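Engineer: Got a file for you: structure_28.cif, mmCIF, C-alpha atoms.
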```cif
data_my_file
#
loop_
_atom_site.group_PDB
_atom_site.id
_atom_site.type_symbol
_atom_site.label_atom_id
_atom_site.label_comp_id
_atom_site.auth_asym_id
_atom_site.auth_seq_id
_atom_site.Cartn_x
_atom_site.Cartn_y
_atom_site.Cartn_z
ATOM 1 C CA MET A 1 -41.538 -24.837 -36.107
ATOM 2 C CA LEU A 2 -39.032 -22.165 -35.054
ATOM 3 C CA ASN A 3 -39.472 -23.049 -31.379
ATOM 4 C CA ARG A 4 -38.612 -26.686 -32.159
ATOM 5 C CA LEU A 5 -35.400 -25.525 -33.846
ATOM 6 C CA PHE A 6 -34.434 -23.377 -30.862
ATOM 7 C CA HIS A 7 -35.050 -26.274 -28.454
ATOM 8 C CA SER A 8 -33.227 -28.874 -30.546
ATOM 9 C CA VAL A 9 -29.931 -26.988 -31.024
ATOM 10 C CA ASN A 10 -27.907 -24.292 -29.322
ATOM 11 C CA ASN A 11 -30.397 -21.416 -29.341
ATOM 12 C CA ARG A 12 -27.612 -18.870 -28.902
ATOM 13 C CA GLU A 13 -25.975 -19.907 -32.176
ATOM 14 C CA VAL A 14 -29.302 -19.978 -34.042
ATOM 15 C CA LEU A 15 -30.150 -16.470 -32.828
ATOM 16 C CA ARG A 16 -26.662 -15.188 -33.673
ATOM 17 C CA PHE A 17 -26.879 -16.706 -37.185
ATOM 18 C CA LEU A 18 -30.338 -15.216 -37.825
ATOM 19 C CA TYR A 19 -29.164 -11.783 -36.655
ATOM 20 C CA GLU A 20 -25.837 -11.759 -38.517
ATOM 21 C CA SER A 21 -27.562 -12.963 -41.690
ATOM 22 C CA LYS A 22 -30.050 -10.099 -41.318
ATOM 23 C CA LEU A 23 -32.896 -12.632 -41.364
ATOM 24 C CA ILE A 24 -34.589 -11.424 -38.169
ATOM 25 C CA GLY A 25 -34.662 -7.907 -39.531
ATOM 26 C CA THR A 26 -34.443 -4.628 -37.769
ATOM 27 C CA THR A 27 -36.998 -2.291 -36.276
ATOM 28 C CA ASP A 28 -37.131 -0.498 -39.655
ATOM 29 C CA ALA A 29 -37.990 -3.515 -41.796
ATOM 30 C CA ASP A 30 -40.197 -6.562 -41.817
ATOM 31 C CA PRO A 31 -38.060 -9.539 -40.852
ATOM 32 C CA ILE A 32 -37.551 -12.398 -43.275
ATOM 33 C CA VAL A 33 -37.775 -14.759 -40.310
ATOM 34 C CA SER A 34 -40.128 -13.645 -37.573
ATOM 35 C CA LEU A 35 -39.181 -14.441 -33.985
ATOM 36 C CA GLU A 36 -42.560 -13.231 -32.783
ATOM 37 C CA GLY A 37 -43.642 -15.574 -30.007
ATOM 38 C CA ALA A 38 -40.365 -17.520 -30.055
ATOM 39 C CA GLU A 39 -39.464 -19.219 -26.771
ATOM 40 C CA LEU A 40 -35.854 -18.766 -25.681
ATOM 41 C CA PRO A 41 -35.927 -19.507 -21.940
ATOM 42 C CA LYS A 42 -32.632 -19.261 -20.098
ATOM 43 C CA LEU A 43 -30.875 -17.963 -23.208
ATOM 44 C CA PHE A 44 -27.199 -17.320 -22.401
ATOM 45 C CA MET A 45 -25.757 -14.599 -24.663
ATOM 46 C CA PRO A 46 -23.443 -12.288 -22.731
ATOM 47 C CA MET A 47 -22.077 -9.338 -24.691
ATOM 48 C CA ALA A 48 -24.049 -10.326 -27.820
ATOM 49 C CA ASN A 49 -24.671 -7.770 -30.543
ATOM 50 C CA LEU A 50 -28.387 -7.589 -31.374
ATOM 51 C CA ARG A 51 -28.538 -3.891 -32.282
ATOM 52 C CA GLY A 52 -31.802 -2.984 -33.965
ATOM 53 C CA ALA A 53 -33.077 -6.568 -33.868
ATOM 54 C CA ASN A 54 -36.802 -7.148 -34.135
ATOM 55 C CA LEU A 55 -37.536 -9.252 -31.031
ATOM 56 C CA LYS A 56 -41.169 -8.268 -30.626
ATOM 57 C CA ARG A 57 -43.166 -10.628 -28.373
ATOM 58 C CA ILE A 58 -40.183 -12.943 -27.828
ATOM 59 C CA ASN A 59 -40.035 -14.933 -24.590
ATOM 60 C CA MET A 60 -36.613 -14.809 -22.938
ATOM 61 C CA VAL A 61 -37.561 -15.684 -19.357
ATOM 62 C CA ASP A 62 -34.515 -16.041 -17.085
ATOM 63 C CA ALA A 63 -32.142 -15.152 -19.939
ATOM 64 C CA GLU A 64 -28.572 -14.123 -19.116
ATOM 65 C CA LEU A 65 -27.839 -11.134 -21.336
ATOM 66 C CA ILE A 66 -25.134 -9.280 -19.413
ATOM 67 C CA GLY A 67 -23.741 -6.408 -21.446
ATOM 68 C CA VAL A 68 -25.818 -7.334 -24.513
ATOM 69 C CA HIS A 69 -26.052 -4.658 -27.227
ATOM 70 C CA LEU A 70 -29.752 -4.025 -27.951
ATOM 71 C CA GLN A 71 -29.577 -0.383 -29.033
ATOM 72 C CA GLY A 72 -32.654 0.473 -31.072
ATOM 73 C CA ALA A 73 -34.050 -3.069 -30.753
ATOM 74 C CA ASN A 74 -37.774 -3.720 -30.822
ATOM 75 C CA LEU A 75 -38.682 -5.638 -27.662
ATOM 76 C CA GLN A 76 -42.323 -4.558 -27.587
ATOM 77 C CA GLU A 77 -44.522 -6.994 -25.686
ATOM 78 C CA ALA A 78 -41.534 -9.286 -25.037
ATOM 79 C CA TYR A 79 -41.337 -11.303 -21.833
ATOM 80 C CA LEU A 80 -38.040 -10.965 -19.956
ATOM 81 C CA GLY A 81 -39.157 -12.023 -16.491
ATOM 82 C CA GLY A 82 -36.195 -12.806 -14.266
ATOM 83 C CA ALA A 83 -33.737 -11.961 -17.058
ATOM 84 C CA TYR A 84 -30.289 -10.645 -16.175
ATOM 85 C CA LEU A 85 -29.483 -7.593 -18.315
ATOM 86 C CA GLY A 86 -26.808 -6.025 -16.131
ATOM 87 C CA GLY A 87 -24.869 -3.430 -18.109
ATOM 88 C CA ALA A 88 -27.010 -4.018 -21.216
ATOM 89 C CA LYS A 89 -27.026 -1.331 -23.886
ATOM 90 C CA LEU A 90 -30.732 -0.617 -24.510
ATOM 91 C CA ARG A 91 -30.399 2.973 -25.725
ATOM 92 C CA ASP A 92 -33.403 3.969 -27.877
ATOM 93 C CA ALA A 93 -34.936 0.478 -27.590
ATOM 94 C CA GLN A 94 -38.673 0.006 -27.873
ATOM 95 C CA LEU A 95 -39.844 -1.546 -24.608
ATOM 96 C CA GLN A 96 -43.533 -0.644 -24.807
ATOM 97 C CA HIS A 97 -45.614 -3.212 -22.904
ATOM 98 C CA THR A 98 -42.524 -5.343 -22.320
ATOM 99 C CA ARG A 99 -42.785 -7.508 -19.233
ATOM 100 C CA LEU A 100 -39.675 -7.329 -17.051
ATOM 101 C CA PRO A 101 -40.851 -8.564 -13.630
ATOM 102 C CA MET A 102 -37.938 -9.383 -11.335
ATOM 103 C CA ALA A 103 -35.461 -8.657 -14.143
ATOM 104 C CA ASP A 104 -32.044 -7.236 -13.292
ATOM 105 C CA LEU A 105 -31.069 -4.137 -15.272
ATOM 106 C CA ASN A 106 -28.336 -3.032 -12.870
ATOM 107 C CA GLY A 107 -26.240 -0.407 -14.647
ATOM 108 C CA ALA A 108 -28.059 -0.800 -17.976
ATOM 109 C CA ASP A 109 -28.153 2.078 -20.481
ATOM 110 C CA LEU A 110 -31.831 2.932 -21.016
ATOM 111 C CA ALA A 111 -31.336 6.403 -22.506
ATOM 112 C CA GLY A 112 -34.132 7.241 -24.916
ATOM 113 C CA THR A 113 -36.044 3.991 -24.381
ATOM 114 C CA ASP A 114 -39.828 3.915 -24.389
ATOM 115 C CA LEU A 115 -41.182 2.187 -21.275
ATOM 116 C CA ARG A 116 -44.841 2.976 -21.903
ATOM 117 C CA GLY A 117 -46.925 0.219 -20.321
ATOM 118 C CA ALA A 118 -43.859 -1.850 -19.374
ATOM 119 C CA GLU A 119 -44.196 -4.114 -16.356
ATOM 120 C CA ILE A 120 -41.216 -3.442 -14.087
ATOM 121 C CA SER A 121 -42.443 -4.829 -10.776
ATOM 122 C CA GLY A 122 -39.438 -5.960 -8.757
ATOM 123 C CA THR A 123 -37.066 -4.977 -11.577
ATOM 124 C CA ASN A 124 -33.616 -3.973 -10.337
ATOM 125 C CA LEU A 125 -32.819 -0.498 -11.684
ATOM 126 C CA ALA A 126 -29.794 0.152 -9.474
ATOM 127 C CA GLY A 127 -27.373 2.500 -11.177
ATOM 128 C CA VAL A 128 -29.741 3.223 -14.075
ATOM 129 C CA ASP A 129 -30.276 6.745 -15.413
ATOM 130 C CA LEU A 130 -33.972 7.063 -16.257
ATOM 131 C CA ARG A 131 -33.946 10.799 -16.935
ATOM 132 C CA THR A 132 -34.363 10.450 -20.720
ATOM 133 C CA VAL A 133 -36.718 7.463 -20.912
ATOM 134 C CA THR A 134 -40.236 8.094 -22.157
ATOM 135 C CA GLY A 135 -43.570 6.691 -21.070
ATOM 136 C CA LEU A 136 -42.507 5.987 -17.486
ATOM 137 C CA THR A 137 -45.104 6.573 -14.758
ATOM 138 C CA GLN A 138 -45.004 7.092 -11.013
ATOM 139 C CA ALA A 139 -46.834 3.775 -10.547
ATOM 140 C CA GLN A 140 -44.077 1.959 -12.440
ATOM 141 C CA LEU A 141 -41.348 3.592 -10.344
ATOM 142 C CA LYS A 142 -43.150 2.675 -7.133
ATOM 143 C CA VAL A 143 -42.853 -1.070 -7.817
ATOM 144 C CA ALA A 144 -39.360 -0.981 -9.350
ATOM 145 C CA LEU A 145 -36.203 -1.457 -7.302
ATOM 146 C CA GLY A 146 -33.970 1.587 -7.442
ATOM 147 C CA ASP A 147 -31.146 2.695 -5.171
ATOM 148 C CA HIS A 148 -29.253 5.874 -4.327
ATOM 149 C CA THR A 149 -27.559 5.803 -7.759
ATOM 150 C CA THR A 150 -30.784 5.417 -9.775
ATOM 151 C CA GLN A 151 -31.710 8.663 -11.537
ATOM 152 C CA ALA A 152 -35.474 9.290 -11.823
ATOM 153 C CA PRO A 153 -36.910 11.496 -14.579
ATOM 154 C CA ASN A 154 -37.439 15.118 -13.514
ATOM 155 C CA TYR A 155 -41.203 14.846 -14.068
ATOM 156 C CA LEU A 156 -41.519 11.973 -11.550
ATOM 157 C CA GLU A 157 -40.931 11.805 -7.813
ATOM 158 C CA ARG A 158 -38.106 9.600 -6.638
ATOM 159 C CA PRO A 159 -39.646 6.775 -4.533
ATOM 160 C CA GLU A 160 -38.772 6.971 -0.855
ATOM 161 C CA ALA A 161 -38.201 3.210 -0.807
ATOM 162 C CA TRP A 162 -35.172 3.663 -3.079
ATOM 163 C CA SER A 163 -33.244 4.678 0.046
ATOM 164 C CA MET A 164 -33.605 1.055 1.252
ATOM 165 C CA SER A 165 -31.356 -1.743 0.073
ATOM 166 C CA ILE A 166 -32.513 -3.666 -2.994
ATOM 167 C CA GLU A 167 -32.786 -6.867 -0.920
ATOM 168 C CA ASP A 168 -35.002 -5.202 1.718
ATOM 169 C CA ARG A 169 -37.188 -3.625 -0.971
ATOM 170 C CA ARG A 170 -37.554 -6.959 -2.821
ATOM 171 C CA LEU A 171 -38.596 -8.624 0.441
ATOM 172 C CA ARG A 172 -41.175 -5.908 1.098
ATOM 173 C CA LEU A 173 -42.604 -6.267 -2.434
ATOM 174 C CA SER A 174 -42.899 -10.053 -2.072
ATOM 175 C CA GLN A 175 -44.967 -9.573 1.100
ATOM 176 C CA THR A 176 -47.390 -7.130 -0.551
ATOM 177 C CA PRO A 177 -50.707 -8.793 -1.479
#
```
For the structure just supplied, provide its representation as structure tokens.

Structural biologist:
Amino acid sequence: MLNRLFHSVNNREVLRFLYESKLIGTTDADPIVSLEGAELPKLFMPMANLRGANLKRINMVDAELIGVHLQGANLQEAYLGGAYLGGAKLRDAQLQHTRLPMADLNGADLAGTDLRGAEISGTNLAGVDLRTVTGLTQAQLKVALGDHTTQAPNYLERPEAWSMSIEDRRLRLSQTP
């Protein structure tokens, strides 16, 4: 039912209304309206304020969320493949098992986020400071796209490929079987 509503009207306004009315809840409470499994493809919400929102298992493939405020949000098991989150504020967000293949997090604030089990293959992490994230593994870093400004956690080795341009690295990943 909720997916029909999102597809029949401006999904950005519906999401904003649900958040501002405190109907989608926060990570600390059960939401009155659950967005679990909601489909919001190509959602366009630049600079939106969704701090602490419970967006668990939401599908926002190819969303444009530049500069969005998602501090403390629950995005566990969400699908954000191809999403643009450049400059997004994700400090202390829950990103466990979130799928972010080919997403763009250029310059995003990921301080204190939990990336345990997150899929970040081909994800652009240029300019991202990963030193305080938790749950990140060497295998995840190996398939992510970092650059000379990307800060790896001290307990992990900075991938050699991060010295290549993002475009060259993306091309190399696409050719890997």

Engineer: Run the PyMOL selection byres ((chain A and resi 86-98) around 7) on the file and write out the hits as an NGL selection string.

Structural biologist: :A and (66-79 or 84-85 or 99-100 or 104-119)

Engineer: So that all listed atoms of range 126-134 of chain A fit with 8 Å spare on each side, what axis-aligned box centre and edge lengths in Å, to one decimal, would you give as JSON?

Structural biologist:
```
{"center_x": -33.8, "center_y": 5.5, "center_z": -15.8, "size_x": 28.9, "size_y": 26.6, "size_z": 28.7}
```

Engineer: Calculate how many Å separate CA of Arg51 in chain A from CA of Thr149 in chain A, rounding to one decimal.

Structural biologist: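 Answer for the CA of Arg51 in chain A to CA of Thr149 in chain A separation: 26.4 Å.
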
Engineer: As an exercise, work out the distance from CA of Tyr19 in chain A to CA of Leu65 in chain A in Å and give it to one decimal place.

Structural biologist: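 Going from CA of Tyr19 in chain A over to CA of Leu65 in chain A covers 15.4 Å.
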
Engineer: Between CA of Met164 in chain A and CA of Thr123 in chain A, what is the distance in Å, rounded to a tenth?

Structural biologist: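 Distance reported for this atom pair: 14.6 Å.
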
Engineer: Extract, using only C-alpha atoms, all DNA, RNA and protein residues at most 8 Å from Arg131 in chain A, discarding same-chain residues fewer than 5 positions from it, and format them as a PyMOL selection string.

Structural biologist: chain A and resi 111+151-154

Engineer: Pick the closest to Leu23 in chain A from A:Leu55, A:Ala48, A:Leu171, A:Leu43: which is it, counting all atoms listed in the file?

Structural biologist: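 Result for the nearest residue to Leu23 in chain A: A:Leu55.
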
Engineer: Just the residues within 12 Å of Glu167 in chain A, please, counting only C-alpha atoms, with nothing from its chain fewer than 4 positions along; format it as an MDAnalysis selection string.

Structural biologist: chainID A and resid 102 122:124 126 145:147 161:163 171:174

Engineer: Considering only C-alpha atoms, state which residue in the set A:Ala139, A:Leu40, A:Leu18, A:Leu156 is at the smallest distance from Ala63 in chain A.

Structural biologist: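 Between A:Ala139, A:Leu40, A:Leu18, A:Leu156, the residue approaching Ala63 in chain A most closely is A:Leu40.
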